[in-house]
Amino acid sequence: MNRFRFAPSPTGHLHIGTLRTALFNVMAKEAMGGSVVLRIEDTDLTRSDVAFEQGIYDGLNWLGLTMDEGPISGGGYGPYRQSERLGRYRDVAERLLESGHAYRCVCTDEELEAQRQAAALAKRPYVYSGRCRGAGILADESRPYVLRFAMPTGREWYFRDIIRGDIVFDGDLLGDFVLVRSDGMPSYNFAVVVDDIDMKITMVIRGEDHISNTPKQMAIYEALGSIIPQFAHLPMILGPDKSKLSKRHGATNVMAYQEMGVLPEALLNHLMLLGWSDPNGREVMTRDEMVGVFSLERISKSGAVFDLDKLKWMNGQYIRHCSDVGLLERVRPYLSDALLNDLGHPSQERLQAMVRSVRDNAHFLTEFETYLQVYTHSDDWVASVIGNLPDGSVEPVVYDRLGEWVGQLTDWSASQLDESLAAWVAGLGIPKGKGFKSVRWLLSGQANGPHLGQMMAIMGADRVIQRVEKIRRLV
Ligand code: GLU
């Protein structure tokens with residue numbers, strides 16, 4: 001059975017790239033079958049924080065990414081927090097020490113720093129000198145020591161990455177890396193391998209920043225006599241200027257997108273396209289459609305550009321495709337009490353109609369607060385706007401005859417209003433666009449805004465007639 005894992009470190013806000021890793025693991029599992037394990041990599045005790053761990057759960061829940069096993073989803077091969085597995089790492093370290101795959105290193109920080117500087121001066125990559133490997137000081141436990149992995153020498157490490165193809169590393173350039181630090185905490189490379197073995201992981205999908213760790217991890221698997229999983233390293237996420245995604249390109253914290261009024265389905269769809277593409281070239285796709293055609297082989301090697309404008313467009317598409325009821329549910333949390341008060345606490349149905357009337361304008365859910373203000377303006381306010389418009393903004397014939405037209409309308413349903421309006425404007429002998437724009441100015445005091453027929457239906461006959469009369473009196 002396929003076993004995937006998502007292994008975030010709770011050392012900061014949930015990053016967009018981290019969430020994409022979770023998404024691709026879940027998609028791979030849904031497309032290929034199997035299960036996904038959530039593992040919290042919190043061995044960096046000073047930087048890990050329960051609030052950040054909570055942020056991981058919040059982000060996953062928001063996008064609807066369910067993990068089959070993990071700290072909060074019950075049994076399996078846990079515990080799933082690395083901080084709860086320290087005894088296990090100690091036992092495995094002991095085993096590696098006994099089998100000669102690891103050794104104690106008592107080199108001081110100063111000595112190592114000197115080696116690093118010497119390497120930098122000689123312009124060669126730093127590799128631990130191996131001074132403590134097999135030296136007599138092995139038994140000296142009174143001095144602080146780290147446990148190092150005895151990397152086999154004169155060997156290459158090869159793996160076939162599902163996304164990137166063949167990758168080879170020269171083992172001698174990796175050196176004897178640290179397995180356990182002097183404070184007894186396991187290094188990332190060590191803990192991750194012990195966990196992936198214990199949790200029976202068959203496929204590791206993670207960011208490409210971990211490619212260089214892979215040969216070290218393979219060496220540990222080999223030393224422990226375990227089967228090495230398959231690897232798929234996801235391309236780096238870049239900003240539109242092709243540099244690594246950073247705050248300069250927009251928020252990197254997932255929850256900022258929720259605050260901004262992005263729909264989770266839209267973010268999920270957008271994240272999917274960061275590296276993966278549909279074989280049929282579609283961009284806006286449901287999750288089921290994506291699962292139906294998802295394969296790791298279709299993920300590209302080259303960096304994936306996170307473009308806020310594209311997300312904005314995508315979110316607009318999703319807003320337009322929501323059902324009316326669904327859209328109101330999504331928009332409602334973003335509306336202020338003050339606005340609802342100004343709107344006269346409309347019924348559910350009326351608010352739904354208002355939201356529907358402006359949906360084509362909106363790209364983010366937060367924008368509805370502004371767009372709905374069109375329904376709060378007084379006739380005096382509209383009249384003052386019209387009074388200050390540059391000449392020619394409103395067609396004189398529309399100004400003169402709008403009152404007469406609205407006065408004789410009998411059917412105030414939105415669809416009928418659309419039809420009547422089109423016929424009326426056509427009969428005025430002016431360009432259609434100019435006619436509509438003039439009506440819009442006179443009824444709303446805005447150059448852009450809601451769908452006109454819907455807006456008139458929402459305002460209702462009395463209000464529209466009264467507004468047109470008032471404007472003629474004041475302007
Ligand atoms: N905890 C690591 C990170 O957040 C991921 C480790 C892995 O996937 O192997 O980058």
# chains A, B, ... in the order shown; residues from 1 in each chain; ligands from 1
call {"tool": "residues_near_ligand", "arguments": {"ligand": "ligand 1", "cutoff": "8 Å", "atoms": "only C-alpha atoms and all ligand atoms", "output": "PyMOL selection string"}}
result
chain A and resi 5-10+18+40-41+188-189+192+204-207+209-210
call {"tool": "select_by_dssp", "arguments": {"residues": "segment 151-335 of chain A", "states": "strand (DSSP E or B)", "output": "ChimeraX atom specification"}}
result
/A:156-161,165-170,178-180,186,203-207,230-234,237-238,244,253,304-305
call {"tool": "closest_residue", "arguments": {"among": "A:Arg287, A:Lys29, A:Arg350, A:Arg248", "to": "Asp307 of chain A", "atoms": "only C-alpha atoms"}}
result
A:Arg248
call {"tool": "select_by_dssp", "arguments": {"residues": "segment 210-356 of chain A", "states": "helix (DSSP H, G or I)", "output": "PyMOL selection string"}}
result
chain A and resi 210-223+247-249+254-259+264-272+287-293+296-298+308-321+324-334+337-342+348-356
call {"tool": "closest_residue", "arguments": {"among": "A:Leu452, A:Val425, A:Met199, A:Ile163", "to": "Gly75 of chain A", "atoms": "only C-alpha atoms"}}
result
A:Met199
call {"tool": "atom_distance", "arguments": {"atom1": "atom CA of Lys434 of chain A", "atom2": "atom CA of Leu402 of chain A"}}
result
13.8 Å
call {"tool": "atom_distance", "arguments": {"atom1": "atom CA of Val37 of chain A", "atom2": "atom CA of Arg20 of chain A"}}
result
15.4 Å
call {"tool": "closest_residue", "arguments": {"among": "A:Met185, A:Ala414, A:Arg472, A:Phe294", "to": "Asp380 of chain A", "atoms": "only C-alpha atoms"}}
result
A:Arg472
call {"tool": "closest_residue", "arguments": {"among": "A:Cys105, A:Leu267, A:Val180, A:Ala219", "to": "Leu23 of chain A", "atoms": "only C-alpha atoms"}}
result
A:Leu267
call {"tool": "residues_around", "arguments": {"residues": "Gln54 of chain A", "least_positions_apart": "6", "cutoff": "12 Å", "atoms": "only C-alpha atoms", "output": "number ranges by chain"}}
result
A: 8-14, 40, 48, 60-61, 71-72, 255
call {"tool": "residues_around", "arguments": {"residues": "Thr286 of chain A", "least_positions_apart": "4", "cutoff": "9 Å", "atoms": "only C-alpha atoms", "output": "VMD selection string"}}
result
chain A and resid 265 269 290 to 291
call {"tool": "residues_around", "arguments": {"residues": "Tyr128 of chain A", "least_positions_apart": "3", "cutoff": "9 Å", "atoms": "only C-alpha atoms", "output": "PyMOL selection string"}}
result
chain A and resi 112+115-116+131+174-177
call {"tool": "residues_around", "arguments": {"residues": "His270 of chain A", "least_positions_apart": "5", "cutoff": "9 Å", "atoms": "only C-alpha atoms", "output": "mmCIF file with N, CA and C atoms, in the first residue's frame"}}
result
data_model
loop_
_atom_site.group_PDB
_atom_site.id
_atom_site.type_symbol
_atom_site.label_atom_id
_atom_site.label_comp_id
_atom_site.auth_asym_id
_atom_site.auth_seq_id
_atom_site.Cartn_x
_atom_site.Cartn_y
_atom_site.Cartn_z
ATOM 1 N N GLU A 265 -11.341 26.724 -2.262
ATOM 2 C CA GLU A 265 -11.275 25.950 -3.522
ATOM 3 C C GLU A 265 -10.395 26.654 -4.541
ATOM 4 N N GLU A 283 -7.553 25.027 -16.607
ATOM 5 C CA GLU A 283 -6.983 25.714 -15.447
ATOM 6 C C GLU A 283 -7.939 25.682 -14.259
ATOM 7 N N VAL A 284 -9.202 26.066 -14.502
ATOM 8 C CA VAL A 284 -10.172 26.023 -13.406
ATOM 9 C C VAL A 284 -10.779 24.628 -13.400
ATOM 10 N N PHE A 306 4.243 31.823 -8.465
ATOM 11 C CA PHE A 306 3.044 32.190 -7.706
ATOM 12 C C PHE A 306 2.712 33.634 -8.070
ATOM 13 N N LYS A 310 -2.956 36.127 -10.913
ATOM 14 C CA LYS A 310 -3.589 34.897 -11.409
ATOM 15 C C LYS A 310 -4.549 34.356 -10.351
ATOM 16 N N LEU A 311 -4.122 34.417 -9.086
ATOM 17 C CA LEU A 311 -4.984 33.958 -7.998
ATOM 18 C C LEU A 311 -6.245 34.817 -7.930
ATOM 19 N N MET A 314 -8.469 33.732 -10.660
ATOM 20 C CA MET A 314 -9.010 32.411 -10.327
ATOM 21 C C MET A 314 -10.108 32.547 -9.275
ATOM 22 N N ASN A 315 -9.869 33.384 -8.259
ATOM 23 C CA ASN A 315 -10.853 33.550 -7.194
ATOM 24 C C ASN A 315 -12.135 34.175 -7.745
#
call {"tool": "residues_around", "arguments": {"residues": "Gln217 of chain A", "least_positions_apart": "5", "cutoff": "10 Å", "atoms": "only C-alpha atoms", "output": "list of chain:residue names"}}
result
A:Tyr188, A:Asn189, A:Phe190, A:Ala191, A:Val192, A:Val193, A:Val194, A:Ser212, A:Glu222, A:Ala223, A:Ile228
call {"tool": "atom_distance", "arguments": {"atom1": "atom CA of Asn253 of chain A", "atom2": "atom CA of Leu238 of chain A"}}
result
14.7 Å
call {"tool": "closest_residue", "arguments": {"among": "A:Leu86, A:Leu97, A:Ile299, A:Asp196", "to": "Leu38 of chain A", "atoms": "only C-alpha atoms"}}
result
A:Asp196
call {"tool": "closest_residue", "arguments": {"among": "A:Pro240, A:Gly165, A:Gly261, A:Gly64", "to": "Glu297 of chain A", "atoms": "only C-alpha atoms"}}
result
A:Gly165
